[in-house]
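Shown here: input.cif, mmCIF, N, CA and C atoms.
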```cif
data_input
#
loop_
_atom_site.label_atom_id
_atom_site.label_comp_id
_atom_site.auth_asym_id
_atom_site.auth_seq_id
_atom_site.Cartn_x
_atom_site.Cartn_y
_atom_site.Cartn_z
N MET A 228 -41.10 -9.01 -76.14
CA MET A 228 -40.11 -8.28 -75.38
C MET A 228 -39.37 -9.24 -74.45
N VAL A 229 -38.06 -9.16 -74.45
CA VAL A 229 -37.23 -10.02 -73.62
C VAL A 229 -37.10 -9.39 -72.23
N ASN A 230 -37.37 -10.19 -71.21
CA ASN A 230 -37.21 -9.70 -69.84
C ASN A 230 -35.74 -9.65 -69.50
N GLN A 231 -35.31 -8.55 -68.94
CA GLN A 231 -33.93 -8.37 -68.54
C GLN A 231 -33.83 -8.45 -67.02
N THR A 232 -32.83 -9.16 -66.54
CA THR A 232 -32.60 -9.21 -65.10
C THR A 232 -31.91 -7.92 -64.67
N ILE A 233 -32.45 -7.28 -63.66
CA ILE A 233 -31.92 -6.03 -63.15
C ILE A 233 -31.03 -6.34 -61.94
N LYS A 234 -29.75 -6.03 -62.07
CA LYS A 234 -28.80 -6.26 -60.98
C LYS A 234 -28.87 -5.09 -60.00
N VAL A 235 -29.16 -5.42 -58.73
CA VAL A 235 -29.44 -4.39 -57.71
C VAL A 235 -28.41 -4.42 -56.59
N LEU A 236 -27.98 -3.23 -56.19
CA LEU A 236 -27.18 -3.04 -54.99
C LEU A 236 -28.09 -2.37 -53.96
N ILE A 237 -28.22 -2.98 -52.78
CA ILE A 237 -29.06 -2.44 -51.71
C ILE A 237 -28.18 -1.70 -50.71
N VAL A 238 -28.57 -0.45 -50.40
CA VAL A 238 -27.77 0.37 -49.49
C VAL A 238 -28.67 0.93 -48.39
N ASP A 239 -28.39 0.55 -47.16
CA ASP A 239 -29.11 1.07 -46.00
C ASP A 239 -28.23 0.81 -44.78
N ASP A 240 -28.24 1.72 -43.84
CA ASP A 240 -27.41 1.55 -42.65
C ASP A 240 -27.98 0.52 -41.69
N ARG A 241 -29.21 0.13 -41.87
CA ARG A 241 -29.83 -0.87 -40.98
C ARG A 241 -29.88 -2.23 -41.67
N ALA A 242 -29.25 -3.22 -41.05
CA ALA A 242 -29.16 -4.57 -41.60
C ALA A 242 -30.54 -5.18 -41.82
N ALA A 243 -31.49 -4.92 -40.93
CA ALA A 243 -32.83 -5.49 -41.06
C ALA A 243 -33.52 -4.97 -42.32
N VAL A 244 -33.30 -3.71 -42.66
CA VAL A 244 -33.90 -3.15 -43.87
C VAL A 244 -33.26 -3.78 -45.10
N ARG A 245 -31.94 -3.92 -45.10
CA ARG A 245 -31.26 -4.57 -46.23
C ARG A 245 -31.76 -5.99 -46.41
N GLU A 246 -31.90 -6.71 -45.31
CA GLU A 246 -32.37 -8.10 -45.38
C GLU A 246 -33.79 -8.17 -45.95
N SER A 247 -34.65 -7.29 -45.50
CA SER A 247 -36.03 -7.26 -45.98
C SER A 247 -36.08 -6.97 -47.48
N LEU A 248 -35.33 -5.98 -47.92
CA LEU A 248 -35.31 -5.64 -49.34
C LEU A 248 -34.72 -6.78 -50.17
N ARG A 249 -33.66 -7.41 -49.65
CA ARG A 249 -33.06 -8.55 -50.36
C ARG A 249 -34.09 -9.66 -50.53
N THR A 250 -34.84 -9.95 -49.48
CA THR A 250 -35.85 -11.00 -49.55
C THR A 250 -36.92 -10.67 -50.59
N ILE A 251 -37.42 -9.45 -50.56
CA ILE A 251 -38.46 -9.03 -51.52
C ILE A 251 -37.96 -9.15 -52.96
N LEU A 252 -36.77 -8.64 -53.22
CA LEU A 252 -36.23 -8.66 -54.58
C LEU A 252 -35.83 -10.06 -55.02
N SER A 253 -35.31 -10.86 -54.11
CA SER A 253 -34.85 -12.21 -54.45
C SER A 253 -35.97 -13.15 -54.84
N LEU A 254 -37.19 -12.83 -54.45
CA LEU A 254 -38.33 -13.66 -54.81
C LEU A 254 -38.81 -13.42 -56.25
N GLU A 255 -38.24 -12.42 -56.89
CA GLU A 255 -38.64 -12.05 -58.25
C GLU A 255 -37.59 -12.51 -59.26
N ASP A 256 -38.06 -13.06 -60.39
CA ASP A 256 -37.14 -13.56 -61.41
C ASP A 256 -36.37 -12.47 -62.13
N ASP A 257 -36.91 -11.25 -62.16
CA ASP A 257 -36.28 -10.19 -62.95
C ASP A 257 -35.37 -9.27 -62.13
N PHE A 258 -35.14 -9.61 -60.87
CA PHE A 258 -34.20 -8.85 -60.04
C PHE A 258 -33.15 -9.81 -59.50
N MET A 259 -31.90 -9.34 -59.44
CA MET A 259 -30.83 -10.11 -58.83
C MET A 259 -30.04 -9.17 -57.92
N VAL A 260 -30.07 -9.44 -56.62
CA VAL A 260 -29.32 -8.62 -55.67
C VAL A 260 -27.86 -9.05 -55.77
N VAL A 261 -27.01 -8.11 -56.18
CA VAL A 261 -25.60 -8.44 -56.39
C VAL A 261 -24.72 -8.00 -55.21
N GLY A 262 -25.29 -7.19 -54.32
CA GLY A 262 -24.51 -6.76 -53.18
C GLY A 262 -25.28 -5.85 -52.25
N GLU A 263 -24.64 -5.54 -51.13
CA GLU A 263 -25.22 -4.67 -50.12
C GLU A 263 -24.13 -3.74 -49.59
N ALA A 264 -24.57 -2.60 -49.08
CA ALA A 264 -23.66 -1.66 -48.44
C ALA A 264 -24.40 -0.99 -47.30
N ALA A 265 -23.65 -0.53 -46.29
CA ALA A 265 -24.26 0.05 -45.10
C ALA A 265 -24.08 1.57 -45.01
N SER A 266 -23.41 2.16 -46.00
CA SER A 266 -23.21 3.61 -45.98
C SER A 266 -23.07 4.12 -47.41
N GLY A 267 -23.18 5.43 -47.56
CA GLY A 267 -23.01 6.03 -48.88
C GLY A 267 -21.62 5.80 -49.42
N ARG A 268 -20.63 5.96 -48.57
CA ARG A 268 -19.23 5.77 -48.96
C ARG A 268 -19.01 4.32 -49.42
N GLU A 269 -19.52 3.38 -48.65
CA GLU A 269 -19.39 1.96 -49.00
C GLU A 269 -20.14 1.66 -50.30
N ALA A 270 -21.27 2.31 -50.50
CA ALA A 270 -22.07 2.10 -51.72
C ALA A 270 -21.26 2.44 -52.96
N VAL A 271 -20.54 3.55 -52.93
CA VAL A 271 -19.74 3.95 -54.09
C VAL A 271 -18.64 2.93 -54.34
N SER A 272 -17.99 2.48 -53.29
CA SER A 272 -16.92 1.49 -53.42
C SER A 272 -17.44 0.16 -53.97
N VAL A 273 -18.53 -0.33 -53.37
CA VAL A 273 -19.09 -1.62 -53.80
C VAL A 273 -19.63 -1.53 -55.23
N ALA A 274 -20.32 -0.44 -55.55
CA ALA A 274 -20.87 -0.28 -56.90
C ALA A 274 -19.76 -0.21 -57.94
N THR A 275 -18.64 0.40 -57.60
CA THR A 275 -17.51 0.49 -58.52
C THR A 275 -17.01 -0.91 -58.88
N ASN A 276 -17.05 -1.82 -57.93
CA ASN A 276 -16.58 -3.20 -58.16
C ASN A 276 -17.64 -4.09 -58.80
N LEU A 277 -18.92 -3.87 -58.47
CA LEU A 277 -19.97 -4.79 -58.92
C LEU A 277 -20.74 -4.34 -60.16
N HIS A 278 -20.71 -3.06 -60.47
CA HIS A 278 -21.42 -2.49 -61.62
C HIS A 278 -22.89 -2.89 -61.67
N PRO A 279 -23.66 -2.54 -60.63
CA PRO A 279 -25.09 -2.86 -60.65
C PRO A 279 -25.82 -2.00 -61.68
N ASP A 280 -26.99 -2.48 -62.10
CA ASP A 280 -27.85 -1.68 -62.99
C ASP A 280 -28.58 -0.62 -62.17
N LEU A 281 -28.90 -0.97 -60.93
CA LEU A 281 -29.72 -0.13 -60.07
C LEU A 281 -29.16 -0.15 -58.66
N VAL A 282 -29.06 1.04 -58.06
CA VAL A 282 -28.72 1.15 -56.64
C VAL A 282 -29.97 1.63 -55.93
N LEU A 283 -30.44 0.83 -54.98
CA LEU A 283 -31.60 1.15 -54.16
C LEU A 283 -31.04 1.60 -52.81
N MET A 284 -31.14 2.93 -52.53
CA MET A 284 -30.37 3.51 -51.44
C MET A 284 -31.21 4.35 -50.48
N ASP A 285 -30.91 4.17 -49.21
CA ASP A 285 -31.50 5.00 -48.16
C ASP A 285 -30.98 6.43 -48.31
N LEU A 286 -31.78 7.38 -47.90
CA LEU A 286 -31.39 8.79 -48.00
C LEU A 286 -30.41 9.18 -46.92
N GLU A 287 -30.77 8.91 -45.66
CA GLU A 287 -29.95 9.35 -44.54
C GLU A 287 -29.23 8.16 -43.91
N MET A 288 -27.91 8.23 -43.96
CA MET A 288 -27.06 7.20 -43.36
C MET A 288 -25.87 7.90 -42.73
N PRO A 289 -25.49 7.47 -41.53
CA PRO A 289 -24.31 8.09 -40.91
C PRO A 289 -23.04 7.68 -41.65
N ASP A 290 -22.04 8.53 -41.58
CA ASP A 290 -20.76 8.22 -42.19
C ASP A 290 -19.74 8.01 -41.08
N ALA A 291 -18.97 6.96 -41.18
CA ALA A 291 -18.00 6.61 -40.14
C ALA A 291 -16.95 7.70 -39.93
N TYR A 292 -16.74 8.53 -40.94
CA TYR A 292 -15.71 9.56 -40.85
C TYR A 292 -16.27 10.90 -40.40
N GLY A 293 -17.57 10.96 -40.12
CA GLY A 293 -18.20 12.18 -39.65
C GLY A 293 -18.38 13.24 -40.72
N GLU A 294 -18.20 12.85 -41.97
CA GLU A 294 -18.36 13.77 -43.09
C GLU A 294 -19.73 13.58 -43.71
N PRO A 295 -20.24 14.61 -44.39
CA PRO A 295 -21.53 14.43 -45.08
C PRO A 295 -21.36 13.50 -46.28
N PHE A 296 -21.87 12.29 -46.16
CA PHE A 296 -21.78 11.32 -47.25
C PHE A 296 -23.02 10.43 -47.20
N ASP A 297 -24.19 11.07 -47.25
CA ASP A 297 -25.45 10.34 -47.18
C ASP A 297 -25.82 9.79 -48.56
N GLY A 298 -27.06 9.34 -48.70
CA GLY A 298 -27.51 8.78 -49.96
C GLY A 298 -27.48 9.76 -51.11
N VAL A 299 -27.71 11.04 -50.83
CA VAL A 299 -27.69 12.05 -51.89
C VAL A 299 -26.27 12.26 -52.40
N VAL A 300 -25.31 12.36 -51.48
CA VAL A 300 -23.91 12.52 -51.88
C VAL A 300 -23.45 11.29 -52.66
N ALA A 301 -23.81 10.11 -52.17
CA ALA A 301 -23.43 8.87 -52.86
C ALA A 301 -24.07 8.81 -54.25
N CYS A 302 -25.32 9.22 -54.36
CA CYS A 302 -26.00 9.24 -55.66
C CYS A 302 -25.25 10.13 -56.64
N ALA A 303 -24.87 11.32 -56.19
CA ALA A 303 -24.12 12.24 -57.05
C ALA A 303 -22.80 11.62 -57.51
N LYS A 304 -22.09 10.96 -56.60
CA LYS A 304 -20.82 10.31 -56.95
C LYS A 304 -21.04 9.18 -57.96
N LEU A 305 -22.09 8.39 -57.74
CA LEU A 305 -22.38 7.28 -58.65
C LEU A 305 -22.72 7.79 -60.05
N LYS A 306 -23.48 8.86 -60.11
CA LYS A 306 -23.89 9.42 -61.40
C LYS A 306 -22.73 10.14 -62.09
N GLU A 307 -21.97 10.93 -61.34
CA GLU A 307 -20.82 11.64 -61.92
C GLU A 307 -19.81 10.68 -62.51
N GLY A 308 -19.58 9.58 -61.82
CA GLY A 308 -18.60 8.60 -62.28
C GLY A 308 -19.18 7.58 -63.24
N GLN A 309 -20.45 7.71 -63.57
CA GLN A 309 -21.16 6.76 -64.45
C GLN A 309 -20.92 5.32 -63.98
N ILE A 310 -21.06 5.13 -62.68
CA ILE A 310 -20.79 3.84 -62.05
C ILE A 310 -21.99 2.91 -62.18
N CYS A 311 -23.20 3.46 -62.21
CA CYS A 311 -24.39 2.64 -62.39
C CYS A 311 -25.40 3.41 -63.24
N GLN A 312 -26.36 2.68 -63.80
CA GLN A 312 -27.34 3.28 -64.69
C GLN A 312 -28.41 4.06 -63.95
N LYS A 313 -28.93 3.50 -62.86
CA LYS A 313 -30.07 4.10 -62.16
C LYS A 313 -29.84 4.09 -60.66
N VAL A 314 -30.33 5.15 -60.00
CA VAL A 314 -30.29 5.24 -58.55
C VAL A 314 -31.70 5.58 -58.07
N ALA A 315 -32.21 4.75 -57.16
CA ALA A 315 -33.51 5.00 -56.54
C ALA A 315 -33.27 5.25 -55.05
N ILE A 316 -33.79 6.36 -54.57
CA ILE A 316 -33.70 6.70 -53.15
C ILE A 316 -34.95 6.17 -52.46
N LEU A 317 -34.74 5.45 -51.36
CA LEU A 317 -35.84 4.89 -50.57
C LEU A 317 -35.69 5.48 -49.17
N THR A 318 -36.72 6.23 -48.72
CA THR A 318 -36.56 6.96 -47.47
C THR A 318 -37.88 7.19 -46.74
N VAL A 319 -37.78 7.52 -45.47
CA VAL A 319 -38.94 7.95 -44.70
C VAL A 319 -39.09 9.46 -44.79
N HIS A 320 -38.08 10.14 -45.31
CA HIS A 320 -38.08 11.60 -45.42
C HIS A 320 -38.62 12.01 -46.79
N ALA A 321 -39.92 12.24 -46.87
CA ALA A 321 -40.56 12.55 -48.15
C ALA A 321 -40.78 14.04 -48.36
N ASP A 322 -40.11 14.87 -47.57
CA ASP A 322 -40.31 16.31 -47.69
C ASP A 322 -39.73 16.84 -49.01
N GLN A 323 -40.18 18.03 -49.38
CA GLN A 323 -39.78 18.62 -50.65
C GLN A 323 -38.28 18.89 -50.72
N THR A 324 -37.67 19.28 -49.63
CA THR A 324 -36.23 19.55 -49.62
C THR A 324 -35.45 18.29 -49.93
N SER A 325 -35.84 17.18 -49.32
CA SER A 325 -35.16 15.90 -49.58
C SER A 325 -35.33 15.49 -51.03
N ARG A 326 -36.53 15.66 -51.56
CA ARG A 326 -36.79 15.33 -52.97
C ARG A 326 -35.93 16.18 -53.90
N GLN A 327 -35.83 17.46 -53.60
CA GLN A 327 -35.04 18.36 -54.44
C GLN A 327 -33.56 18.00 -54.40
N ARG A 328 -33.05 17.73 -53.20
CA ARG A 328 -31.65 17.33 -53.07
C ARG A 328 -31.36 16.07 -53.87
N ALA A 329 -32.26 15.09 -53.78
CA ALA A 329 -32.08 13.84 -54.50
C ALA A 329 -32.15 14.07 -56.01
N SER A 330 -33.08 14.86 -56.44
CA SER A 330 -33.22 15.17 -57.86
C SER A 330 -31.98 15.87 -58.40
N GLN A 331 -31.48 16.84 -57.67
CA GLN A 331 -30.28 17.57 -58.09
C GLN A 331 -29.05 16.67 -58.16
N ALA A 332 -29.03 15.62 -57.35
CA ALA A 332 -27.91 14.68 -57.36
C ALA A 332 -28.01 13.67 -58.50
N GLY A 333 -29.15 13.66 -59.20
CA GLY A 333 -29.31 12.74 -60.32
C GLY A 333 -30.14 11.52 -60.03
N CYS A 334 -30.80 11.50 -58.87
CA CYS A 334 -31.65 10.38 -58.50
C CYS A 334 -32.73 10.15 -59.57
N ASP A 335 -32.91 8.90 -59.95
CA ASP A 335 -33.89 8.56 -60.98
C ASP A 335 -35.28 8.30 -60.43
N LEU A 336 -35.36 7.95 -59.15
CA LEU A 336 -36.64 7.60 -58.54
C LEU A 336 -36.56 7.88 -57.05
N PHE A 337 -37.61 8.48 -56.51
CA PHE A 337 -37.67 8.80 -55.09
C PHE A 337 -38.85 8.02 -54.52
N LEU A 338 -38.57 7.09 -53.62
CA LEU A 338 -39.59 6.22 -53.04
C LEU A 338 -39.68 6.40 -51.54
N GLU A 339 -40.90 6.33 -51.03
CA GLU A 339 -41.10 6.42 -49.58
C GLU A 339 -41.11 5.03 -48.97
N LYS A 340 -40.39 4.88 -47.86
CA LYS A 340 -40.43 3.61 -47.13
C LYS A 340 -41.82 3.45 -46.55
N GLY A 341 -42.23 2.22 -46.38
CA GLY A 341 -43.51 1.95 -45.77
C GLY A 341 -44.59 1.58 -46.76
N GLY A 342 -44.30 1.72 -48.05
CA GLY A 342 -45.28 1.30 -49.06
C GLY A 342 -45.28 -0.22 -49.16
N ASN A 343 -46.23 -0.74 -49.93
CA ASN A 343 -46.26 -2.20 -50.03
C ASN A 343 -45.24 -2.70 -51.05
N SER A 344 -44.87 -3.95 -50.92
CA SER A 344 -43.84 -4.56 -51.76
C SER A 344 -44.20 -4.56 -53.23
N PHE A 345 -45.47 -4.82 -53.54
CA PHE A 345 -45.91 -4.85 -54.93
C PHE A 345 -45.66 -3.51 -55.62
N GLU A 346 -46.02 -2.42 -54.93
CA GLU A 346 -45.81 -1.08 -55.51
C GLU A 346 -44.32 -0.80 -55.69
N LEU A 347 -43.51 -1.18 -54.73
CA LEU A 347 -42.07 -0.99 -54.84
C LEU A 347 -41.53 -1.71 -56.07
N LEU A 348 -41.89 -2.96 -56.22
CA LEU A 348 -41.41 -3.75 -57.37
C LEU A 348 -41.87 -3.15 -58.69
N GLU A 349 -43.11 -2.74 -58.76
CA GLU A 349 -43.63 -2.16 -60.00
C GLU A 349 -42.91 -0.87 -60.37
N LYS A 350 -42.64 -0.03 -59.39
CA LYS A 350 -41.93 1.23 -59.66
C LYS A 350 -40.51 0.96 -60.11
N LEU A 351 -39.86 -0.01 -59.50
CA LEU A 351 -38.49 -0.36 -59.90
C LEU A 351 -38.48 -0.95 -61.31
N ARG A 352 -39.47 -1.76 -61.63
CA ARG A 352 -39.56 -2.32 -62.99
C ARG A 352 -39.78 -1.22 -64.03
N LYS A 353 -40.65 -0.27 -63.71
CA LYS A 353 -40.90 0.83 -64.63
C LYS A 353 -39.66 1.67 -64.85
N LEU A 354 -38.85 1.81 -63.79
CA LEU A 354 -37.60 2.54 -63.92
C LEU A 354 -36.69 1.83 -64.91
N GLY A 355 -36.65 0.50 -64.79
CA GLY A 355 -35.88 -0.32 -65.73
C GLY A 355 -34.43 0.08 -65.83
N VAL A 356 -33.81 -0.42 -66.86
CA VAL A 356 -32.42 -0.09 -67.15
C VAL A 356 -32.30 0.17 -68.64
N ASP A 357 -31.34 0.99 -68.99
CA ASP A 357 -31.12 1.33 -70.41
C ASP A 357 -30.31 0.28 -71.11
#
```

How would this structure read if it were set down as structure tokens?
Amino acid sequence: MVNQTIKVLIVDDRAAVRESLRTILSLEDDFMVVGEAASGREAVSVATNLHPDLVLMDLEMPDAYGEPFDGVVACAKLKEGQICQKVAILTVHADQTSRQRASQAGCDLFLEKGGNSFELLEKLRKLGVD
């Protein structure tokens, strides 16, 4: 089996979280971070230009325009427009309502923040790309 490099867009409103995720993914040969975004709206714009295989996105992010455009809304836009193959939501909000919203938007994987890096990488690898 040929290993495929998975191109990842990291989306989180906190720069420290983006930096941490970039570091974790950059240490692996099968992941390539192609970009970052700080909001759901920015994620859709950046993904449209970069065509990542996977968007790793925070659930709750403020929108500069005061409109509802969190990770779930961005996920729905990415999926509707077929802008990327897979969307994984990474959040501290693991409640059933958040999971349902993400699932309805087309999220491929729902991950809780705070897990260890090895588990995160393994789950992302299992998600893979088509």

Region 254-306 of chain A near region 315-334 of chain A within 7 Å: what's each residue's closest atom pair and its distance in Å to one decimal, counting only N, CA and C atoms, ordered by chain then ascending residue number, as a tab-separated table?
```
residue	atom	partner	partner_atom	distance
A:Leu281	C	A:Ala315	N	6.0
A:Val282	C	A:Ala315	N	4.0
A:Leu283	CA	A:Ala315	C	4.5
A:Met284	C	A:Leu317	N	3.8
A:Asp285	CA	A:Leu317	C	4.3
A:Leu286	N	A:Leu317	C	4.5
A:Glu287	N	A:Thr318	CA	6.4
A:Val299	CA	A:Ala329	CA	5.4
A:Val300	N	A:Ala332	CA	6.8
A:Cys302	C	A:Ala332	C	4.9
A:Ala303	CA	A:Ala332	C	4.4
A:Lys304	N	A:Ala332	C	6.8
A:Lys306	CA	A:Gly333	CA	6.4
```

Practice prompt. Select, from A:Leu351, A:Lys234, A:Asn276, A:Ser266, the residue with the minimum atom-to-atom distance to Gly298 (chain A), counting only C-alpha atoms.
Written response: A:Ser266

Practice prompt. Could you tell me which of A:Ile237, A:Cys311, A:Leu347, A:Leu305 comes closest to Asp280 (chain A) if we count all atoms listed in the file?
Written response: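 Looking only at the distances to Asp280 (chain A), the closest residue turns out to be A:Cys311.
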
Fill in: Point-to-point distance from atom C of Glu255 (chain A) to atom N of Val271 (chain A), Å rounded to tenths
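Going from atom C of Glu255 (chain A) over to atom N of Val271 (chain A) covers 24.3 Å.
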
Practice prompt. For CA of Glu263 (chain A) and atom N of Gln231 (chain A), quote the distance in Å rounded to one decimal.
Written response: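 Atom N of Gln231 (chain A) lies at a distance of 21.7 Å from CA of Glu263 (chain A).
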
Worksheet item: How far is it from CA of Ser272 (chain A) to CA of Ile251 (chain A), in Å with one decimal?
Response: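 One can read the CA of Ser272 (chain A) to CA of Ile251 (chain A) distance as 24.0 Å.
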
Discussion item. As a PyMOL selection string, please: every residue in region 255-291 of chain A that DSSP puts in strand (DSSP E or B).
Written reply: chain A and resi 258-264+281-285

Practice prompt. Using the chain letters and residue numbers of this document, give as number ranges by chain the residues selected by the PyMOL selection byres ((chain A and resi 258) around 8).
Written response: A: 231-235, 252-257, 259-261

Discussion item. For a quick check of understanding, using only C-alpha atoms, which of A:Leu277, A:Met288, A:Arg352, A:Lys313 has the smallest distance to Gly262 (chain A)?
Written reply: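 Nearest to Gly262 (chain A): A:Leu277.
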
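Backbone DSSP over region 247-315 of chain A gives alpha helix (DSSP H) for Ser247, Leu248, Arg249, Thr250, Ile251, Leu252, Ser253, Gly267, Arg268, Glu269, Ala270, Val271, Ser272, Val273, Ala274, Thr275, Asn276, Leu277, Gly298, Val299, Val300, Ala301, Cys302, Ala303, Lys304, Leu305, Lys306 and Glu307 of chain A.
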
Discussion item. Which residue is closest to Leu354 (chain A)? Choose from A:Leu336, A:Leu248, A:Val238, A:Pro289 and count only N, CA and C atoms.
Written reply: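 Between A:Leu336, A:Leu248, A:Val238, A:Pro289, the residue approaching Leu354 (chain A) most closely is A:Leu336.
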